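Quick notes on the structure that follows.
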Amino acid sequence: MMKDQPPLIQILRNRKGQVALFVALIFQILFIFFAMVINVGLLVHHKINLQNSVDFAAYYGAMKQAENMNAIAHVNYQIRQSWKLLAWRYRMIGTAGDFEEHPLLKDPSRGLTLRPGSADTDDINMSARDFYDAPSFCATYVPFKPMPDGENTCKFLKSNSGIRIFEQTKPIAFHHSINAAISNATELLRSRAFERCRYFGAFNYRLLAQYVVAYNIDQGDRMLLIAAMSRSMSNSTSDFHDLDGDSVKTGILATLRNNLTSANNNDSLRVQVYNSLGAEGCNNPATDTMPAKWLVPIRIAPAFNYIDTECRQEESRIVSVPKELASDRNNWPREVREDQGHPLWKEISEMSQFVGLRQNIEDPYNYSMGVEKNPWCMAYVGVSATATPNIPFSPLGSVQLRARAFFKPFGGRMGPWYESQWPSGSDRSTGGGKMDENLPPRIFDTSNIGNPKDATRAGNFSRFIGDPVGMKSRNLLFQFGRAIFRLDPTWSQGRSNTQADLRDNAPNFDHWKQLPFEFAKKNSGNGDLLAWSEEARGPSRFRNLELLAILPDQFDMAYYSIEPDFYHNYYTRIKDKFIPKVVAGFDKLVRPDIGHHKDYNQGGENLEAFSVKDQYKVLKNQEIRELQLDIDQKLTYISKDWKHTLTGWADNGLLDYSLNTNKLGKCTIEPKYEGETPAPPTSGNCIVGGSSGYSVKMISSDYLNSELQLGGDNSGAAKIKNLPPSDF
């Protein structure tokens, strides 16, 4: 039929090719939809990339923040160990010569046994509280060298001790001089009795002052290091320094850019970094020797008694006189105070400047227990970024993408607050009672130390949470007192008093000759607080007892983040990188853990690279076994393995943040060592197992802006001081 129609009609009525026309017409629409899908996909891709990159960058910043806080926390623990050493010396060395109350019976015919009527238990004799609360330090007894055979001016400490001796001494002006040279004690006690009497009280004052002043210098130097490190973290809200002395912001930006797509990483990229510890109220105070405000010094006012001697030759007797160790010349040994020609006058005169409180409470060399962290200054790092990626086929033109992330250190412990509560409006912990009930009172004004007769002023510390007696314990007095006497098995037999015997055998006054000033000299100091024999050019045998005294205990592991290998993980970086780059004018000797001795590496004993994990080696020391200390049954508060310090947070998995108790205090894979150096150093000295210190986690802005209960039980909820900026 079509063939019968004219050609024009046939053409008009031909339906072939209609689909092609439809496809041609709709292709543009389909292409537009396709391009939009591609565009949206790329937009989502770049948005995810930007967010992930910001997450990585914020994580990097918080990781560096956590690393700094771990180093500070361990230095804070070093101060705790230094205090433990002082308190142990005061009570164990200073009381072992007593014959009235001390649980150790020193009977030449029967040896060293438990005194009849004494209890070898963790308590005190309430009928002799003065002796336990505030004993008078006395070390002038055999077996200390160079005491003559049979001589002991320390027999009657029970009646010459107590808080009644404490006075509220006046603050002293601070004159820091390190010119003292501790004289050789060997010859001073070798003449006849009443000539020796001139030195007994002076030796007690001198030795106790050496311990006290060395502690003050040690904690003061470490407090200045804490101040330098914390201030480097709080100079600015946009940047801070890491332990290598480098800008963390530079690392944050490099991390961000290295993870961005090329479309995001262009000239339109804008980045903000927020360092919360640089915020007002948490940042640096004006005084450069003070730590940043998020750390608060714990200043204390301890007191120590010692036994002086009066030489009453006309009465043919030597009288013991208890006194408080103080800077006031009236508290000096009588024989020194009245004779500037006395051989110990110069030393005591110089050390006396350090045994009291400085007038300025903020002086770093005032007694302290380190720092406490303000919970209302939250450590976290925020990173926000905007980018305008170049996306093809964009019907909407350029689109600006925005991402933000916050990460914070968590799970670590800077150390206990002094008290158990910290109200949100307070600049320090206050209320609820002391966390360590055996510590001396905290002070805020050197002209007012509170009750001068406070029994807790006498140096002491808790071994575990809720410890009621600390170093007062009859158990400890017996164990360590017996060990001190066993250092010299000839104590009851008489000795030849040869020069070699006097100079080298422990216990020996000369084994602390580097205290209180020489050990801390920046260029020549050996950095060693512990007993050392210059004659033997090596560690004194007494050193093992001191190491045992400061080992981490149950209280320490509950409240401190302890780094087992501080030397390799933090010390070398702080000394070689952080100090030269950030605080080049720092003029103090930066010291590793207690037990370090500069340049000593002999007989398989490396005291140069010494850390907490090396302190634990004393438990396997043959000397300790020979002294028969009952570590397993009587000294149960002491940690027996460095792995026990791995009490930081360890997760159960990537999606399960609950604490994995199977890893707590354990390490299944330790780092490999190349010689004596781990390759590479690993945080906590552990690859698989428990952890030490702060970890890092993501947090939301809603959390940061919410009211939190951070000040302890029943403290109430409030907002943190360093909220994120509203425009961040």
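Ordered as shown in the structure tokens, chains take letters A, B, and onward, while each chain numbers its residues from 1 and ligands are numbered from 1 in the order shown.
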- Message: If you run DSSP on the backbone here, which positions in region 238-374 of chain A get alpha helix (DSSP H)? Please write them as a PyMOL selection string.
- Response: chain A and resi 248-259+334-337+345-351
Taking the backbone alone, and naming residues the way the document does, which bits of region 70-264 of chain A are strand (DSSP E or B) by DSSP, as a PDB file with C-alpha atoms, in the first residue's frame?
```
ATOM      1  CA  LEU A 104      66.739  -5.638 116.106  1.00  0.00           C
ATOM      2  CA  LEU A 105      68.571  -6.984 119.159  1.00  0.00           C
ATOM      3  CA  LYS A 106      72.302  -6.455 118.706  1.00  0.00           C
ATOM      4  CA  ASP A 107      73.800  -8.896 121.165  1.00  0.00           C
ATOM      5  CA  GLY A 111      74.183 -12.174 117.092  1.00  0.00           C
ATOM      6  CA  LEU A 112      71.407 -10.252 115.341  1.00  0.00           C
ATOM      7  CA  THR A 113      68.002 -11.397 116.521  1.00  0.00           C
ATOM      8  CA  LEU A 114      64.542 -10.042 117.130  1.00  0.00           C
ATOM      9  CA  SER A 136      66.331  11.284 115.784  1.00  0.00           C
ATOM     10  CA  PHE A 137      68.828  10.361 113.085  1.00  0.00           C
ATOM     11  CA  TYR A 141      77.525   3.500 115.645  1.00  0.00           C
ATOM     12  CA  LYS A 145      83.267   3.305 109.379  1.00  0.00           C
ATOM     13  CA  ASN A 152      77.899   3.916 119.856  1.00  0.00           C
ATOM     14  CA  ILE A 172      66.059  31.282 104.799  1.00  0.00           C
ATOM     15  CA  HIS A 241      57.630  20.963  70.673  1.00  0.00           C
ATOM     16  CA  SER A 247      57.681  21.597  65.868  1.00  0.00           C
TER      17      SER A 247
END
```
- Task: Please identify all polymer residues within 12 Å of region 118-124 of chain A, counting only C-alpha atoms, omitting same-chain residues fewer than 5 positions from it, and present them as number ranges by chain.
- Result: A: 100-105, 113, 129-133, 463, 467-480, 630, 633-637
Mind dumping the selected residues with C-alpha atoms as a tab-separated table (two decimals), in the first residue's frame?
```tsv
chain	number	residue	atom	x	y	z
A	100	GLU	CA	66.19	0.78	123.54
A	101	GLU	CA	63.33	0.27	121.09
A	102	HIS	CA	64.59	-0.84	117.70
A	103	PRO	CA	63.25	-4.37	116.96
A	104	LEU	CA	66.74	-5.64	116.11
A	105	LEU	CA	68.57	-6.98	119.16
A	113	THR	CA	68.00	-11.40	116.52
A	129	ARG	CA	55.33	6.44	119.48
A	130	ASP	CA	58.00	9.15	119.65
A	131	PHE	CA	60.61	6.74	118.33
A	132	TYR	CA	58.42	5.67	115.40
A	133	ASP	CA	56.78	9.00	114.56
A	463	ARG	CA	54.07	1.47	100.31
A	467	ASP	CA	49.28	2.03	104.26
A	468	PRO	CA	49.00	3.33	107.85
A	469	VAL	CA	52.69	3.21	108.85
A	470	GLY	CA	55.02	3.27	105.83
A	471	MET	CA	58.66	3.28	106.95
A	472	LYS	CA	57.68	3.24	110.64
A	473	SER	CA	56.99	-0.49	110.37
A	474	ARG	CA	58.77	-2.71	112.91
A	475	ASN	CA	58.95	-5.30	110.17
A	476	LEU	CA	61.01	-2.97	107.95
A	477	LEU	CA	63.16	-1.69	110.80
A	478	PHE	CA	64.12	-5.25	111.68
A	479	GLN	CA	64.72	-6.44	108.10
A	480	PHE	CA	66.82	-3.49	106.96
A	630	ASP	CA	63.06	-11.86	103.50
A	633	GLN	CA	57.45	-13.05	103.03
A	634	LYS	CA	58.24	-9.73	104.73
A	635	LEU	CA	58.87	-7.15	101.97
A	636	THR	CA	55.75	-8.14	100.05
A	637	TYR	CA	54.93	-4.57	98.98
```
- Task: Between A:Gly251, A:Gly61, A:Met698, A:Ser691, single out the one closest to Leu659 (chain A), counting only C-alpha atoms.
- Result: A:Ser691
- Message: Given only C-alpha atoms as the basis, pick out the residue of A:Ala134, A:Ser236, A:Thr386, A:Ser349 nearest to Tyr306 (chain A).
- Response: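 Counting only C-alpha atoms, the residue closest to Tyr306 (chain A) is A:Ala134.
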- At what distance in Å, to one decimal, does CA of Phe407 (chain A) lie from CA of Val44 (chain A)? 23.3 Å
- Go ahead and compute the interatomic distance for CA of Asn366 (chain A) and CA of Arg206 (chain A), in Å to one decimal. 19.4 Å
- Pick from A:Leu225, A:Ala214, A:Ile48, A:Cys154: nearest to Val583 (chain A), with only C-alpha atoms counted?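 Looking only at the distances to Val583 (chain A), the closest residue turns out to be A:Leu225.
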- Task: Considering only C-alpha atoms, return as a PyMOL selection string whatever protein or nucleic-acid residues lie within 10 Å of Ile93 (chain A), sequence-local ones (same chain, fewer than 4 positions apart) excluded.
- Result: chain A and resi 87-89+97+137-139+144+208+477+480-481+484+507
- Query: Of the residues A:Lys64, A:Arg457, A:Arg541, A:Arg337, which is the one nearest to Asp488 (chain A), using only C-alpha atoms?
  - Reply: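 Looking only at the distances to Asp488 (chain A), the closest residue turns out to be A:Arg541.
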- Item | Contact residues around region 69-74 of chain A with only C-alpha atoms at 10 Å, ignoring same-chain residues under 5 positions, as a ChimeraX atom specification | /A:63-64,79-80,222-223,225-230,233,243,370-373,379,409,412-415,560-564,566,569-571,574,593,683,692-695
Grab the residues selected above and save them as a tab-separated table (two decimals), in the first residue's frame with N, CA and C atoms.
```tsv
chain	number	residue	atom	x	y	z
A	63	MET	N	49.57	12.00	69.75
A	63	MET	CA	50.61	11.01	70.05
A	63	MET	C	51.86	11.71	70.58
A	64	LYS	N	52.25	12.83	69.96
A	64	LYS	CA	53.40	13.59	70.43
A	64	LYS	C	53.11	14.21	71.80
A	79	ILE	N	61.19	11.79	91.06
A	79	ILE	CA	61.15	12.60	92.29
A	79	ILE	C	60.58	11.77	93.43
A	80	ARG	N	59.55	10.98	93.14
A	80	ARG	CA	58.99	10.09	94.16
A	80	ARG	C	60.07	9.12	94.66
A	222	ARG	N	65.10	18.17	88.70
A	222	ARG	CA	64.07	17.46	87.93
A	222	ARG	C	62.81	18.31	87.78
A	223	MET	N	62.49	19.12	88.79
A	223	MET	CA	61.35	20.03	88.67
A	223	MET	C	61.60	21.06	87.58
A	225	LEU	N	63.39	20.54	84.94
A	225	LEU	CA	63.22	19.82	83.68
A	225	LEU	C	61.74	19.65	83.35
A	226	ILE	N	60.94	19.31	84.35
A	226	ILE	CA	59.49	19.23	84.14
A	226	ILE	C	58.95	20.58	83.67
A	227	ALA	N	59.43	21.65	84.29
A	227	ALA	CA	58.99	22.99	83.89
A	227	ALA	C	59.34	23.25	82.43
A	228	ALA	N	60.56	22.93	82.03
A	228	ALA	CA	60.99	23.18	80.65
A	228	ALA	C	60.16	22.37	79.66
A	229	MET	N	59.91	21.10	79.96
A	229	MET	CA	59.16	20.26	79.03
A	229	MET	C	57.69	20.67	78.96
A	230	SER	N	57.09	20.95	80.11
A	230	SER	CA	55.67	21.32	80.10
A	230	SER	C	55.46	22.68	79.46
A	233	MET	N	55.24	22.66	75.82
A	233	MET	CA	53.97	22.14	75.34
A	233	MET	C	52.85	23.17	75.43
A	243	LEU	N	59.73	15.73	71.89
A	243	LEU	CA	60.93	15.42	72.67
A	243	LEU	C	62.21	15.53	71.85
A	370	GLY	N	57.04	16.65	93.62
A	370	GLY	CA	56.78	16.69	92.18
A	370	GLY	C	55.57	17.54	91.87
A	371	VAL	N	54.78	17.09	90.91
A	371	VAL	CA	53.63	17.86	90.44
A	371	VAL	C	52.38	16.98	90.41
A	372	GLU	N	51.24	17.63	90.43
A	372	GLU	CA	49.95	16.98	90.20
A	372	GLU	C	49.31	17.62	88.98
A	373	LYS	N	48.57	16.81	88.21
A	373	LYS	CA	47.98	17.33	86.98
A	373	LYS	C	46.57	17.83	87.23
A	379	ALA	N	44.24	17.51	78.17
A	379	ALA	CA	45.20	17.45	77.07
A	379	ALA	C	44.52	16.84	75.84
A	409	PRO	N	45.40	12.20	74.69
A	409	PRO	CA	46.08	11.17	75.47
A	409	PRO	C	45.17	10.71	76.60
A	412	GLY	N	47.14	7.20	81.07
A	412	GLY	CA	48.38	7.33	81.83
A	412	GLY	C	48.14	8.01	83.16
A	413	ARG	N	49.18	8.05	84.00
A	413	ARG	CA	49.04	8.66	85.32
A	413	ARG	C	50.28	9.51	85.60
A	414	MET	N	50.05	10.80	85.76
A	414	MET	CA	51.14	11.72	86.06
A	414	MET	C	51.66	11.53	87.47
A	415	GLY	N	50.85	10.94	88.31
A	415	GLY	CA	51.14	10.78	89.73
A	415	GLY	C	49.90	11.15	90.50
A	560	TYR	N	51.39	5.99	89.33
A	560	TYR	CA	52.38	6.58	88.44
A	560	TYR	C	52.49	5.79	87.14
A	561	SER	N	52.76	6.49	86.04
A	561	SER	CA	53.16	5.85	84.80
A	561	SER	C	54.68	5.72	84.84
A	562	ILE	N	55.16	4.50	84.93
A	562	ILE	CA	56.58	4.23	85.10
A	562	ILE	C	57.12	3.65	83.80
A	563	GLU	N	58.12	4.28	83.24
A	563	GLU	CA	58.75	3.80	82.01
A	563	GLU	C	59.93	2.91	82.38
A	564	PRO	N	59.87	1.61	82.09
A	564	PRO	CA	60.96	0.71	82.50
A	564	PRO	C	62.31	1.06	81.90
A	566	PHE	N	63.62	4.22	80.65
A	566	PHE	CA	63.61	5.67	80.44
A	566	PHE	C	64.87	6.12	79.69
A	569	ASN	N	64.44	5.32	75.85
A	569	ASN	CA	63.22	5.83	75.24
A	569	ASN	C	63.09	7.35	75.32
A	570	TYR	N	63.59	7.95	76.40
A	570	TYR	CA	63.35	9.38	76.59
A	570	TYR	C	64.61	10.18	76.93
A	571	TYR	N	65.44	9.65	77.82
A	571	TYR	CA	66.57	10.43	78.33
A	571	TYR	C	67.50	10.91	77.23
A	574	ILE	N	65.91	13.67	75.22
A	574	ILE	CA	65.80	14.92	75.98
A	574	ILE	C	67.16	15.61	76.05
A	593	ASP	N	67.54	7.61	85.56
A	593	ASP	CA	66.97	7.08	86.79
A	593	ASP	C	68.02	6.94	87.88
A	683	SER	N	58.45	1.74	73.68
A	683	SER	CA	57.75	2.26	74.85
A	683	SER	C	57.34	1.13	75.77
A	692	SER	N	52.80	1.06	79.20
A	692	SER	CA	53.12	2.04	80.22
A	692	SER	C	52.80	3.43	79.68
A	693	GLY	N	52.16	4.23	80.49
A	693	GLY	CA	51.94	5.61	80.10
A	693	GLY	C	50.66	5.84	79.33
A	694	TYR	N	50.62	6.98	78.63
A	694	TYR	CA	49.42	7.44	77.95
A	694	TYR	C	49.29	6.81	76.57
A	695	SER	N	48.07	6.39	76.24
A	695	SER	CA	47.70	6.01	74.89
A	695	SER	C	46.91	7.17	74.28
```
- For Gly665 (chain A): contacts at 7 Å, only C-alpha atoms, fewer than 3 positions along chain excluded, given as a list in words: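 The contact residues come out as Lys643, His644, Thr645, Leu646, Thr647 and Gly690 of chain A.
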- Tell me which protein, DNA and RNA residues are within 9 Å of region 198-200 of chain A, counting only C-alpha atoms, leaving out same-chain ones fewer than 4 positions away, and put them as a ChimeraX atom specification. /A:138-140,153,188-189,194,204-205,307-311,333-336,342-344
- d(CA of Leu253 (chain A), CA of Leu43 (chain A)) in Å: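 So the two atoms, CA of Leu253 (chain A) and CA of Leu43 (chain A), lie 22.1 Å apart.
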- Query: Looking at only C-alpha atoms, which of A:Asn451, A:Pro116, A:Leu710, A:Asp55 is the one that sits closest to Ser429 (chain A)?
  - Reply: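 Closest candidate: A:Leu710.
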